[in-house]
Protein chains: 2
Amino acid sequence: MNCCSPEKQKLIEEIGVHFEKVHNLAPLAARIYVIMILCPNDGHTFDEIISITGASKSSVSTQLNLLMQTNKVEYFTKTGDRRRYFRSSRTYLKNNLLDQLEQVKKDIRLIEKIHDFNAEFNKEKFEKTGGVALLYKEYLIAQKKNLETTIEQMSKITIE
Amino acid sequence: MNCCSPEKQKLIEEIGVHFEKVHNLAPLAARIYVIMILCPNDGHTFDEIISITGASKSSVSTQLNLLMQTNKVEYFTKTGDRRRYFRSSRTYLKNNLLDQLEQVKKDIRLIEKIHDFNAEFNKEKFEKTGGVALLYKEYLIAQKKNLETTIEQMSKITIE
DNA sequence: TGACTAGTTCGGTTAATTCCGAACCAATTG
DNA sequence: CAATTGGTTCGGAATTAACCGAACTAGTCA
C-alpha cells in the first residue's frame with residue numbers, strides 16, 4: 001500500500017472527495033478514477049490499484065467494473081501479459097461534457113414543464129417570476145450551445 | 001395527506017427525484033423544495049407541508065431548517081398569525097447560479113492543479129492530452145462568463 | 001392558570017451504502 | 001495434474017442516511 005509519492009496521495013484524496021460528489025461515486029471509485037486521471041497513459045494493473053488505494057480485491061473489482069460500465073475507465077492489454085491495464089477513458093473529458101449536456105437538456109425540459117404546469121393550473125399568478133425564469137432559460141440555452149461546440153471541437157481532436 | 005391535485009403530486013415526485021441528485025438533498029428535502037418552487041408566491045405553512053408530503057413533524061422541521069440554512073427556502077409572516085409561511089427563496093435561481101459559479105471556479109482550479117502536478121512530477125509525458133485539456137479549460141472559462149453575466153442580469157431584475 | 005398551537009430536539013429504528021474476507025473460476029505454467 | 005496468477009462473486013459486518021414518535025419549549029388565548 002501507499003506505493004506513490006505523498007504529493008500524489010494528497011492529490012488523490014483531495015480530488016477524490018471532489019469527485020465523489022460531482023460524479024456521484026463511492027469513495028473508493030472516486031479514488032481509483034483520480035489515480036487514472038493523474039496518470040492517464042500507461043495504465044495501472046489491478047494489483048497496482050490495490051497497492052495504491054489499500055483496498056481489498058473485491059472492492060477494487062466491483063468499483064472498477066462500475067467505472068467501466070459508465071465509460072469512465074477502460075483497459076488495454078499487452079501481448080504475452082495476462083493482466084489488464086486500466087486507464088481513464090481516452091474520451092473521459094468528452095464523456096463528461098456529454099453527461100452535462102444531457103443534464104442541461106433535462107433542465108430545459110424541466111423549466112418548460114413547470115411553465116406549462118403553471119400556465120394550466122396556476123393561470124392568474126405565474127407571471128410574477130416569469131422574467132427571471134426566462135433569463136435562466138436563456139442561460140441554459142447558452143450553456144447548451146457552449147457544450148455542443150466544445151464537444152464538436154473535441155471530437156475533431158480526439159480522433160486517435 | 002395528499003391534499004393537492006394528482007398532476008401536482010406527480011410533478012413533485014418527478015422533479016423531486018431530479019432535485020435529490022442535482023442539489024444533493026434528502027428525498028424529503030427535495031420534495032419540500034419542489035413544492036415551494038411550484039407555488040412560489042403564497043407560501044406554505046408547516047402543516048400544509050406535512051399534509052402534502054405525508055411526512056412527520058420532526059422530519060419536516062429538520063429538512064426545512066436545512067433548506068433555510070442553504071438559502072433555498074425562506075419564510076415570511078402575516079400580522080396576527082403566529083405561523084410561518086415558507087416559500088422558495090426569492091432569489092433561488094440566482095443562488096443556484098452562484099453555486100454553479102463556485103463549482104466552475106473549483107473545476108478551473110482543479111484542472112490547473114493537475115496541470116501543475118504533471119508539469120512538476122510527470123514532465124516527459126503529460127503533453128499528450130494537453131490539447132483536450134486546454135479545450136476543456138476554455139469551455140469552463142466560457143461557462144464561467146455565461147454564469148457571471150446571467151447573474152448580473154438577474155441582479156438587475158430581482159431588485160424587488 | 002390551563003389548554004392549545006407552532007415548531008424543535010432527542011433517541012431510536014430501518015434501510016441503504018460501502019467495504020471486506022473467503023471461496024471461487026478460468027487461464028497459464030511447470 | 002498441481003500450483004500460481006488475475007480477477008469475480010457472494011454473504012455479511014460496519015457505517016451512514018433518512019425518517020419517525022414522543023417528549024419538550026415557547027408563545028397565545030380563554
# chains A, B, ... in the order shown; residues from 1 in each chain; ligands from 1
call {"tool": "interface_residues", "arguments": {"of": "chain D", "to": "chain A", "cutoff": "10 Å", "atoms": "only C-alpha atoms (C1' of nucleotides)", "output": "list in words"}}
result
DT5, DG6, DG7, DT8 and DT9 of chain D
call {"tool": "residues_around", "arguments": {"residues": "B:Leu64", "least_positions_apart": "6", "cutoff": "9 Å", "atoms": "only C-alpha atoms (C1' of nucleotides)", "output": "list of chain:residue names"}}
result
B:Ala29, B:Ile32, B:Tyr33, B:Val73, B:Phe86
call {"tool": "write_last_selection", "arguments": {"atoms": "N, CA and C atoms", "output": "mmCIF file, in the first residue's frame"}}
result
data_model
loop_
_atom_site.group_PDB
_atom_site.id
_atom_site.type_symbol
_atom_site.label_atom_id
_atom_site.label_comp_id
_atom_site.auth_asym_id
_atom_site.auth_seq_id
_atom_site.Cartn_x
_atom_site.Cartn_y
_atom_site.Cartn_z
ATOM 1 N N ALA B 29 -36.411 16.581 1.652
ATOM 2 C CA ALA B 29 -35.994 17.964 1.405
ATOM 3 C C ALA B 29 -36.253 18.341 -0.049
ATOM 4 N N ILE B 32 -39.996 18.944 -0.548
ATOM 5 C CA ILE B 32 -40.400 20.230 0.032
ATOM 6 C C ILE B 32 -39.981 21.378 -0.877
ATOM 7 N N TYR B 33 -38.741 21.309 -1.333
ATOM 8 C CA TYR B 33 -38.213 22.370 -2.197
ATOM 9 C C TYR B 33 -39.057 22.499 -3.462
ATOM 10 N N VAL B 73 -34.739 28.143 0.877
ATOM 11 C CA VAL B 73 -36.086 28.452 1.347
ATOM 12 C C VAL B 73 -36.015 29.578 2.372
ATOM 13 N N PHE B 86 -43.686 29.449 4.580
ATOM 14 C CA PHE B 86 -42.437 29.101 3.908
ATOM 15 C C PHE B 86 -42.610 29.173 2.395
#
call {"tool": "residues_around", "arguments": {"residues": "C:DA3", "least_positions_apart": "2", "cutoff": "12 Å", "atoms": "only C-alpha atoms (C1' of nucleotides)", "output": "number ranges by chain"}}
result
C: 1, 5; D: 28-30
call {"tool": "write_last_selection", "arguments": {"atoms": "N, CA and C atoms (P, O5', C5', C4', C3', O3' and C1' of nucleotides)", "output": "PDB file, in the first residue's frame"}}
result
ATOM      1  P    DT C   1     -50.200  29.444  37.377  1.00  0.00           P
ATOM      2  O5'  DT C   1     -51.237  28.575  38.228  1.00  0.00           O
ATOM      3  C5'  DT C   1     -52.592  29.142  38.449  1.00  0.00           C
ATOM      4  C4'  DT C   1     -53.532  28.615  37.402  1.00  0.00           C
ATOM      5  C3'  DT C   1     -53.001  27.429  36.612  1.00  0.00           C
ATOM      6  O3'  DT C   1     -53.915  26.348  36.712  1.00  0.00           O
ATOM      7  C1'  DT C   1     -53.878  29.093  35.163  1.00  0.00           C
ATOM      8  P    DT C   5     -55.376  23.722  18.700  1.00  0.00           P
ATOM      9  O5'  DT C   5     -54.277  24.667  18.051  1.00  0.00           O
ATOM     10  C5'  DT C   5     -54.272  26.061  18.301  1.00  0.00           C
ATOM     11  C4'  DT C   5     -52.912  26.611  17.932  1.00  0.00           C
ATOM     12  C3'  DT C   5     -52.243  25.902  16.757  1.00  0.00           C
ATOM     13  O3'  DT C   5     -51.791  26.884  15.831  1.00  0.00           O
ATOM     14  C1'  DT C   5     -50.773  25.957  18.606  1.00  0.00           C
TER      15       DT C   5
ATOM     16  P    DT D  28     -47.098  35.756  21.210  1.00  0.00           P
ATOM     17  O5'  DT D  28     -48.502  35.011  21.365  1.00  0.00           O
ATOM     18  C5'  DT D  28     -48.872  34.000  20.424  1.00  0.00           C
ATOM     19  C4'  DT D  28     -50.261  33.479  20.798  1.00  0.00           C
ATOM     20  C3'  DT D  28     -51.213  34.523  21.354  1.00  0.00           C
ATOM     21  O3'  DT D  28     -52.483  34.329  20.734  1.00  0.00           O
ATOM     22  C1'  DT D  28     -51.113  32.678  22.799  1.00  0.00           C
ATOM     23  P    DC D  29     -53.520  35.524  20.700  1.00  0.00           P
ATOM     24  O5'  DC D  29     -54.881  34.709  20.793  1.00  0.00           O
ATOM     25  C5'  DC D  29     -54.863  33.287  20.878  1.00  0.00           C
ATOM     26  C4'  DC D  29     -55.792  32.786  21.969  1.00  0.00           C
ATOM     27  C3'  DC D  29     -56.766  33.824  22.532  1.00  0.00           C
ATOM     28  O3'  DC D  29     -58.010  33.187  22.726  1.00  0.00           O
ATOM     29  C1'  DC D  29     -55.607  32.825  24.284  1.00  0.00           C
ATOM     30  P    DA D  30     -59.331  33.989  22.649  1.00  0.00           P
ATOM     31  O5'  DA D  30     -60.266  33.172  23.648  1.00  0.00           O
ATOM     32  C5'  DA D  30     -60.272  31.739  23.608  1.00  0.00           C
ATOM     33  C4'  DA D  30     -60.481  31.190  25.023  1.00  0.00           C
ATOM     34  C3'  DA D  30     -61.554  31.934  25.811  1.00  0.00           C
ATOM     35  O3'  DA D  30     -62.506  31.006  26.315  1.00  0.00           O
ATOM     36  C1'  DA D  30     -59.565  31.760  27.092  1.00  0.00           C
TER      37       DA D  30
END
call {"tool": "interface_residues", "arguments": {"of": "chain C", "to": "chain B", "cutoff": "12 Å", "atoms": "only C-alpha atoms (C1' of nucleotides)", "output": "number ranges by chain"}}
result
C: 5-10
call {"tool": "write_last_selection", "arguments": {"atoms": "C-alpha atoms (C1' of nucleotides)", "output": "PDB file, in the first residue's frame"}}
result
ATOM      1  C1'  DT C   5     -50.773  25.957  18.606  1.00  0.00           C
ATOM      2  C1'  DA C   6     -46.339  26.103  16.075  1.00  0.00           C
ATOM      3  C1'  DG C   7     -42.385  24.196  15.825  1.00  0.00           C
ATOM      4  C1'  DT C   8     -37.875  21.843  17.926  1.00  0.00           C
ATOM      5  C1'  DT C   9     -34.995  18.270  19.977  1.00  0.00           C
ATOM      6  C1'  DC C  10     -33.619  13.714  21.133  1.00  0.00           C
TER       7       DC C  10
END
call {"tool": "closest_atom_pairs", "arguments": {"of": "chain A", "to": "chain B", "cutoff": "10 Å", "atoms": "only C-alpha atoms", "output": "JSON lines"}}
result
{"residue": "A:Ser5", "atom": "CA", "partner": "B:Phe121", "partner_atom": "CA", "distance": 9.6}
{"residue": "A:Glu7", "atom": "CA", "partner": "B:Phe117", "partner_atom": "CA", "distance": 8.6}
{"residue": "A:Lys8", "atom": "CA", "partner": "B:Phe117", "partner_atom": "CA", "distance": 8.3}
{"residue": "A:Leu11", "atom": "CA", "partner": "B:Ile114", "partner_atom": "CA", "distance": 8.5}
{"residue": "A:Glu14", "atom": "CA", "partner": "B:Leu110", "partner_atom": "CA", "distance": 9.7}
{"residue": "A:Ile15", "atom": "CA", "partner": "B:Leu110", "partner_atom": "CA", "distance": 7.7}
{"residue": "A:His18", "atom": "CA", "partner": "B:Lys106", "partner_atom": "CA", "distance": 9.3}
{"residue": "A:Lys21", "atom": "CA", "partner": "B:Asn24", "partner_atom": "CA", "distance": 8.4}
{"residue": "A:Val22", "atom": "CA", "partner": "B:Val22", "partner_atom": "CA", "distance": 9.2}
{"residue": "A:Asn24", "atom": "CA", "partner": "B:Lys21", "partner_atom": "CA", "distance": 8.5}
{"residue": "A:Ile37", "atom": "CA", "partner": "B:Ile114", "partner_atom": "CA", "distance": 8.9}
{"residue": "A:Leu38", "atom": "CA", "partner": "B:Ile114", "partner_atom": "CA", "distance": 7.0}
{"residue": "A:Cys39", "atom": "CA", "partner": "B:Phe126", "partner_atom": "CA", "distance": 8.4}
{"residue": "A:Pro40", "atom": "CA", "partner": "B:Thr129", "partner_atom": "CA", "distance": 8.5}
{"residue": "A:Asn41", "atom": "CA", "partner": "B:Lys125", "partner_atom": "CA", "distance": 8.2}
{"residue": "A:Asp42", "atom": "CA", "partner": "B:Lys125", "partner_atom": "CA", "distance": 9.7}
{"residue": "A:Arg90", "atom": "CA", "partner": "B:Thr129", "partner_atom": "CA", "distance": 8.9}
{"residue": "A:Thr91", "atom": "CA", "partner": "B:Val132", "partner_atom": "CA", "distance": 9.1}
{"residue": "A:Leu93", "atom": "CA", "partner": "B:Tyr136", "partner_atom": "CA", "distance": 7.3}
{"residue": "A:Lys94", "atom": "CA", "partner": "B:Tyr136", "partner_atom": "CA", "distance": 8.5}
{"residue": "A:Leu97", "atom": "CA", "partner": "B:Tyr136", "partner_atom": "CA", "distance": 8.8}
{"residue": "A:Gln103", "atom": "CA", "partner": "B:Val22", "partner_atom": "CA", "distance": 9.1}
{"residue": "A:Lys106", "atom": "CA", "partner": "B:His18", "partner_atom": "CA", "distance": 9.2}
{"residue": "A:Asp107", "atom": "CA", "partner": "B:His18", "partner_atom": "CA", "distance": 9.3}
{"residue": "A:Leu110", "atom": "CA", "partner": "B:Ile15", "partner_atom": "CA", "distance": 7.7}
{"residue": "A:Lys113", "atom": "CA", "partner": "B:Leu11", "partner_atom": "CA", "distance": 8.8}
{"residue": "A:Ile114", "atom": "CA", "partner": "B:Leu38", "partner_atom": "CA", "distance": 7.0}
{"residue": "A:His115", "atom": "CA", "partner": "B:Leu38", "partner_atom": "CA", "distance": 9.3}
{"residue": "A:Phe117", "atom": "CA", "partner": "B:Lys8", "partner_atom": "CA", "distance": 8.3}
{"residue": "A:Asn118", "atom": "CA", "partner": "B:Leu38", "partner_atom": "CA", "distance": 7.7}
{"residue": "A:Phe121", "atom": "CA", "partner": "B:Lys8", "partner_atom": "CA", "distance": 9.1}
{"residue": "A:Asn122", "atom": "CA", "partner": "B:Cys39", "partner_atom": "CA", "distance": 8.5}
{"residue": "A:Lys125", "atom": "CA", "partner": "B:Asn41", "partner_atom": "CA", "distance": 8.2}
{"residue": "A:Phe126", "atom": "CA", "partner": "B:Cys39", "partner_atom": "CA", "distance": 8.5}
{"residue": "A:Lys128", "atom": "CA", "partner": "B:Asn41", "partner_atom": "CA", "distance": 8.5}
{"residue": "A:Thr129", "atom": "CA", "partner": "B:Pro40", "partner_atom": "CA", "distance": 8.5}
{"residue": "A:Gly131", "atom": "CA", "partner": "B:Ile157", "partner_atom": "CA", "distance": 7.6}
{"residue": "A:Val132", "atom": "CA", "partner": "B:Met154", "partner_atom": "CA", "distance": 6.4}
{"residue": "A:Ala133", "atom": "CA", "partner": "B:Leu93", "partner_atom": "CA", "distance": 7.8}
{"residue": "A:Leu135", "atom": "CA", "partner": "B:Thr150", "partner_atom": "CA", "distance": 7.1}
{"residue": "A:Tyr136", "atom": "CA", "partner": "B:Leu93", "partner_atom": "CA", "distance": 7.3}
{"residue": "A:Glu138", "atom": "CA", "partner": "B:Thr150", "partner_atom": "CA", "distance": 8.6}
{"residue": "A:Tyr139", "atom": "CA", "partner": "B:Thr150", "partner_atom": "CA", "distance": 6.4}
{"residue": "A:Leu140", "atom": "CA", "partner": "B:Asn146", "partner_atom": "CA", "distance": 9.3}
{"residue": "A:Ala142", "atom": "CA", "partner": "B:Asn146", "partner_atom": "CA", "distance": 7.3}
{"residue": "A:Gln143", "atom": "CA", "partner": "B:Gln143", "partner_atom": "CA", "distance": 6.5}
{"residue": "A:Lys144", "atom": "CA", "partner": "B:Gln143", "partner_atom": "CA", "distance": 9.8}
{"residue": "A:Asn146", "atom": "CA", "partner": "B:Tyr139", "partner_atom": "CA", "distance": 6.9}
{"residue": "A:Leu147", "atom": "CA", "partner": "B:Tyr139", "partner_atom": "CA", "distance": 7.3}
{"residue": "A:Thr149", "atom": "CA", "partner": "B:Tyr139", "partner_atom": "CA", "distance": 9.0}
{"residue": "A:Thr150", "atom": "CA", "partner": "B:Tyr139", "partner_atom": "CA", "distance": 6.4}
{"residue": "A:Ile151", "atom": "CA", "partner": "B:Tyr136", "partner_atom": "CA", "distance": 9.2}
{"residue": "A:Gln153", "atom": "CA", "partner": "B:Leu135", "partner_atom": "CA", "distance": 7.9}
{"residue": "A:Met154", "atom": "CA", "partner": "B:Val132", "partner_atom": "CA", "distance": 6.4}
{"residue": "A:Ser155", "atom": "CA", "partner": "B:Val132", "partner_atom": "CA", "distance": 9.5}
{"residue": "A:Ile157", "atom": "CA", "partner": "B:Val132", "partner_atom": "CA", "distance": 7.2}
{"residue": "A:Thr158", "atom": "CA", "partner": "B:Val132", "partner_atom": "CA", "distance": 7.6}
call {"tool": "atom_distance", "arguments": {"atom1": "atom CA of A:Lys10", "atom2": "atom CA of B:Ile141"}}
result
26.2 Å
call {"tool": "select_by_dssp", "arguments": {"residues": "stretch 47-160 of chain A", "states": "strand (DSSP E or B)", "output": "list in words"}}
result
Val73, Glu74, Tyr75, Phe76, Thr77, Lys78, Asp81, Arg82, Arg83, Arg84, Tyr85, Phe86, Arg87 and Ser88 of chain A
call {"tool": "decode", "arguments": {"residues": "chain C", "atoms": "C-alpha atoms (C1' of nucleotides)", "output": "short mmCIF file (atom, residue, chain, number, x, y, z; two decimals), in the first residue's frame"}}
result
data_model
loop_
_atom_site.label_atom_id
_atom_site.label_comp_id
_atom_site.auth_asym_id
_atom_site.auth_seq_id
_atom_site.Cartn_x
_atom_site.Cartn_y
_atom_site.Cartn_z
"C1'" DT C 1 -53.88 29.09 35.16
"C1'" DG C 2 -54.71 25.54 31.84
"C1'" DA C 3 -55.28 24.27 27.18
"C1'" DC C 4 -53.84 24.94 22.51
"C1'" DT C 5 -50.77 25.96 18.61
"C1'" DA C 6 -46.34 26.10 16.08
"C1'" DG C 7 -42.39 24.20 15.83
"C1'" DT C 8 -37.87 21.84 17.93
"C1'" DT C 9 -35.00 18.27 19.98
"C1'" DC C 10 -33.62 13.71 21.13
"C1'" DG C 11 -33.29 8.72 20.94
"C1'" DG C 12 -34.05 5.04 18.29
"C1'" DT C 13 -35.45 2.17 14.05
"C1'" DT C 14 -34.98 0.93 9.36
"C1'" DA C 15 -32.80 0.92 5.08
"C1'" DA C 16 -29.14 1.77 2.07
"C1'" DT C 17 -24.08 2.27 1.18
"C1'" DT C 18 -19.55 0.80 1.38
"C1'" DC C 19 -16.38 -2.28 2.09
"C1'" DC C 20 -14.20 -6.71 3.41
"C1'" DG C 21 -12.76 -11.83 3.51
"C1'" DA C 22 -13.25 -16.26 1.80
"C1'" DA C 23 -14.38 -19.11 -1.61
"C1'" DC C 24 -14.36 -19.47 -6.29
"C1'" DC C 25 -13.39 -19.55 -11.63
"C1'" DA C 26 -10.55 -19.60 -15.66
"C1'" DA C 27 -6.25 -19.23 -17.94
"C1'" DT C 28 -1.23 -20.27 -17.66
"C1'" DT C 29 2.96 -22.60 -16.33
"C1'" DG C 30 5.88 -26.09 -14.54
#
